[in-house]
Amino acid sequence: MLYTIIKALHIIFMVSYFAGIFYLVRIFVYYKDTDEFPEEKKKILREQYTFMARRLWNIITVPAGIIMAVCGLVMIFLNPGLMKMPWFHLKLTFLIGLAAYHFWCWKKVLQLKTLSGNTLEIPNIKLRQANEIATFILFLVVFTVILKSMVIDYWWQLITGFFVLVFLIMMTVKLVNKNKKNK
C-alpha cells in the first residue's frame, strides 16, 4: 500500500510540476510579446512577467519537481526491480532530457531577473517552439510508463507516431505565429 500511495503522490506532483513548466515558458513568450509595446506598458508588463516567473518557479515548479523526484526515488527504493526493466531505462533517459529542459528554464528565469526589463534576446518563434518541448517529454514519459515493455516491442511505430506529433505541433505553432504577425 505504501508503494501505491507514493506512486499517487508522484503522479500528483508530476502534474503540478508540468503545469508549472508549461506556464513558465508561456510567461517567457508573453514577455517577448511586449517587444512592440509602448515603453510604459512594456515596462509594467515586463516587471509583472518577471515577478510571475520567479514566483511560479520558486513556489510551484521547483517544489513540485523536488517532491516528484523524491517520490520517484522512493519508488525505486521500494521496487529495485524497476532498474532491471528496459522500459524504465528509457523513461530515465527521457527524464535526463527533462532535467536539461528544467535547467534551460531556470537559466531563463535568472535571465529575466537580470534583464531589468530589457529585451529577451531569443526569437519569439523559438520560445513558442520551446514551449512545446515539455509536452513532447510528457508524451514520451507517459507512453513509456503506460505501455512498459510494449514500447520496446513497438518502438518504430511509436517513434513514427511521435515524430508525426512533433511535426504537427511545430507546424501549428508556426501557423499560429504567422497568423498573429498578419493581424
# chains A, B, ... in the order shown; residues from 1 in each chain; ligands from 1
>>> select_by_dssp(residues="segment 3-176 of chain A", states="alpha helix (DSSP H)", output="ChimeraX atom specification")
/A:3-33,39-55,62-78,86-115,124-130,133-147,149-153,155-176
>>> write_last_selection(atoms="C-alpha atoms", output="compact mmCIF listing (two decimals), in the first residue's frame")
# COMPACT_ATOMS: atom_id res chain seq x y z
CA TYR A 3 4.17 1.99 -2.80
CA THR A 4 0.74 2.87 -4.22
CA ILE A 5 0.48 5.98 -2.03
CA ILE A 6 3.96 7.11 -3.10
CA LYS A 7 3.03 6.45 -6.72
CA ALA A 8 -0.12 8.57 -6.37
CA LEU A 9 1.93 11.39 -4.84
CA HIS A 10 4.49 11.03 -7.63
CA ILE A 11 1.73 11.44 -10.25
CA ILE A 12 0.11 14.39 -8.44
CA PHE A 13 3.38 16.28 -8.17
CA MET A 14 4.32 15.34 -11.73
CA VAL A 15 1.12 17.05 -12.88
CA SER A 16 1.91 20.09 -10.71
CA TYR A 17 5.48 20.23 -12.00
CA PHE A 18 4.44 20.07 -15.64
CA ALA A 19 1.73 22.68 -15.07
CA GLY A 20 4.44 24.97 -13.72
CA ILE A 21 6.83 24.28 -16.59
CA PHE A 22 4.09 24.74 -19.20
CA TYR A 23 3.02 28.10 -17.79
CA LEU A 24 6.57 29.29 -17.10
CA VAL A 25 7.63 29.11 -20.72
CA ARG A 26 4.34 30.74 -21.72
CA ILE A 27 5.34 33.66 -19.45
CA PHE A 28 8.61 33.89 -21.39
CA VAL A 29 6.54 34.12 -24.60
CA TYR A 30 4.35 36.85 -23.10
CA TYR A 31 7.46 38.76 -22.00
CA LYS A 32 8.87 38.57 -25.53
CA ASP A 33 5.50 39.64 -26.99
CA GLU A 39 7.69 51.87 -23.36
CA GLU A 40 5.47 52.48 -20.33
CA LYS A 41 3.24 49.47 -20.98
CA LYS A 42 6.28 47.31 -21.80
CA LYS A 43 8.00 48.26 -18.53
CA ILE A 44 4.95 47.47 -16.39
CA LEU A 45 4.23 44.15 -18.11
CA ARG A 46 7.85 43.00 -18.09
CA GLU A 47 8.13 43.70 -14.37
CA GLN A 48 4.95 41.69 -13.80
CA TYR A 49 6.05 38.79 -16.00
CA THR A 50 9.44 38.65 -14.28
CA PHE A 51 7.69 38.63 -10.90
CA MET A 52 5.26 35.92 -12.04
CA ALA A 53 8.03 33.75 -13.49
CA ARG A 54 10.09 33.90 -10.30
CA ARG A 55 7.09 33.16 -8.08
CA VAL A 62 10.73 23.63 -8.16
CA PRO A 63 8.96 22.32 -5.01
CA ALA A 64 6.69 20.10 -7.14
CA GLY A 65 9.72 18.85 -9.09
CA ILE A 66 11.60 18.02 -5.90
CA ILE A 67 8.66 16.13 -4.39
CA MET A 68 8.08 14.33 -7.70
CA ALA A 69 11.76 13.28 -7.82
CA VAL A 70 11.84 12.18 -4.17
CA CYS A 71 8.70 10.08 -4.68
CA GLY A 72 10.28 8.55 -7.79
CA LEU A 73 13.43 7.67 -5.88
CA VAL A 74 11.38 6.17 -3.04
CA MET A 75 9.52 4.02 -5.57
CA ILE A 76 12.84 2.79 -6.96
CA PHE A 77 14.00 2.04 -3.41
CA LEU A 78 10.76 0.15 -2.67
CA PRO A 86 14.44 -1.76 -20.29
CA TRP A 87 11.34 0.47 -20.45
CA PHE A 88 12.38 2.07 -17.16
CA HIS A 89 15.83 2.85 -18.58
CA LEU A 90 14.07 4.57 -21.47
CA LYS A 91 11.97 6.58 -19.01
CA LEU A 92 15.12 7.64 -17.15
CA THR A 93 16.65 8.74 -20.46
CA PHE A 94 13.64 10.97 -21.12
CA LEU A 95 13.95 12.34 -17.59
CA ILE A 96 17.52 13.38 -18.38
CA GLY A 97 16.02 15.38 -21.24
CA LEU A 98 13.53 16.88 -18.81
CA ALA A 99 16.38 17.81 -16.47
CA ALA A 100 18.12 19.63 -19.35
CA TYR A 101 14.88 21.48 -20.17
CA HIS A 102 14.43 22.32 -16.48
CA PHE A 103 17.96 23.78 -16.45
CA TRP A 104 17.18 25.87 -19.56
CA CYS A 105 14.02 27.21 -17.87
CA TRP A 106 15.98 28.04 -14.72
CA LYS A 107 18.55 29.97 -16.77
CA LYS A 108 15.74 31.93 -18.46
CA VAL A 109 14.17 32.79 -15.08
CA LEU A 110 17.55 34.10 -13.91
CA GLN A 111 18.00 35.96 -17.19
CA LEU A 112 14.64 37.73 -16.82
CA LYS A 113 15.71 38.92 -13.39
CA THR A 114 19.00 40.36 -14.69
CA LEU A 115 17.47 41.92 -17.81
CA ASN A 124 9.60 34.70 -30.40
CA ILE A 125 9.09 31.62 -32.59
CA LYS A 126 11.93 29.82 -30.78
CA LEU A 127 10.24 30.50 -27.42
CA ARG A 128 6.92 29.26 -28.78
CA GLN A 129 8.59 26.09 -30.04
CA ALA A 130 10.49 25.64 -26.77
CA ILE A 133 9.32 20.60 -25.50
CA ALA A 134 7.76 19.78 -22.13
CA THR A 135 4.70 18.45 -23.98
CA PHE A 136 6.89 16.11 -26.01
CA ILE A 137 8.71 14.88 -22.93
CA LEU A 138 5.41 14.33 -21.14
CA PHE A 139 4.13 12.25 -24.08
CA LEU A 140 7.32 10.18 -24.12
CA VAL A 141 7.32 9.50 -20.38
CA VAL A 142 3.60 8.73 -20.07
CA PHE A 143 3.54 6.41 -23.08
CA THR A 144 6.66 4.64 -21.81
CA VAL A 145 5.24 4.15 -18.32
CA ILE A 146 1.81 3.02 -19.52
CA LEU A 147 2.99 0.74 -22.34
CA SER A 149 7.65 -3.43 -22.48
CA MET A 150 5.36 -2.76 -25.46
CA VAL A 151 7.41 0.42 -26.00
CA ILE A 152 10.40 -1.79 -26.72
CA ASP A 153 8.37 -4.20 -28.90
CA TRP A 155 9.40 1.14 -30.89
CA TRP A 156 9.34 2.04 -34.57
CA GLN A 157 5.55 2.65 -34.64
CA LEU A 158 5.83 4.81 -31.53
CA ILE A 159 8.78 6.79 -32.90
CA THR A 160 6.92 7.35 -36.18
CA GLY A 161 3.83 8.50 -34.29
CA PHE A 162 5.93 10.72 -32.06
CA PHE A 163 7.63 12.44 -35.00
CA VAL A 164 4.26 12.97 -36.69
CA LEU A 165 3.00 14.53 -33.45
CA VAL A 166 6.11 16.75 -33.17
CA PHE A 167 5.72 17.84 -36.79
CA LEU A 168 2.02 18.65 -36.38
CA ILE A 169 2.58 20.64 -33.20
CA MET A 170 5.52 22.58 -34.65
CA MET A 171 3.57 23.39 -37.81
CA THR A 172 0.63 24.53 -35.69
CA VAL A 173 2.95 26.82 -33.70
CA LYS A 174 4.37 28.27 -36.93
CA LEU A 175 0.88 28.74 -38.39
CA VAL A 176 -0.42 30.46 -35.27
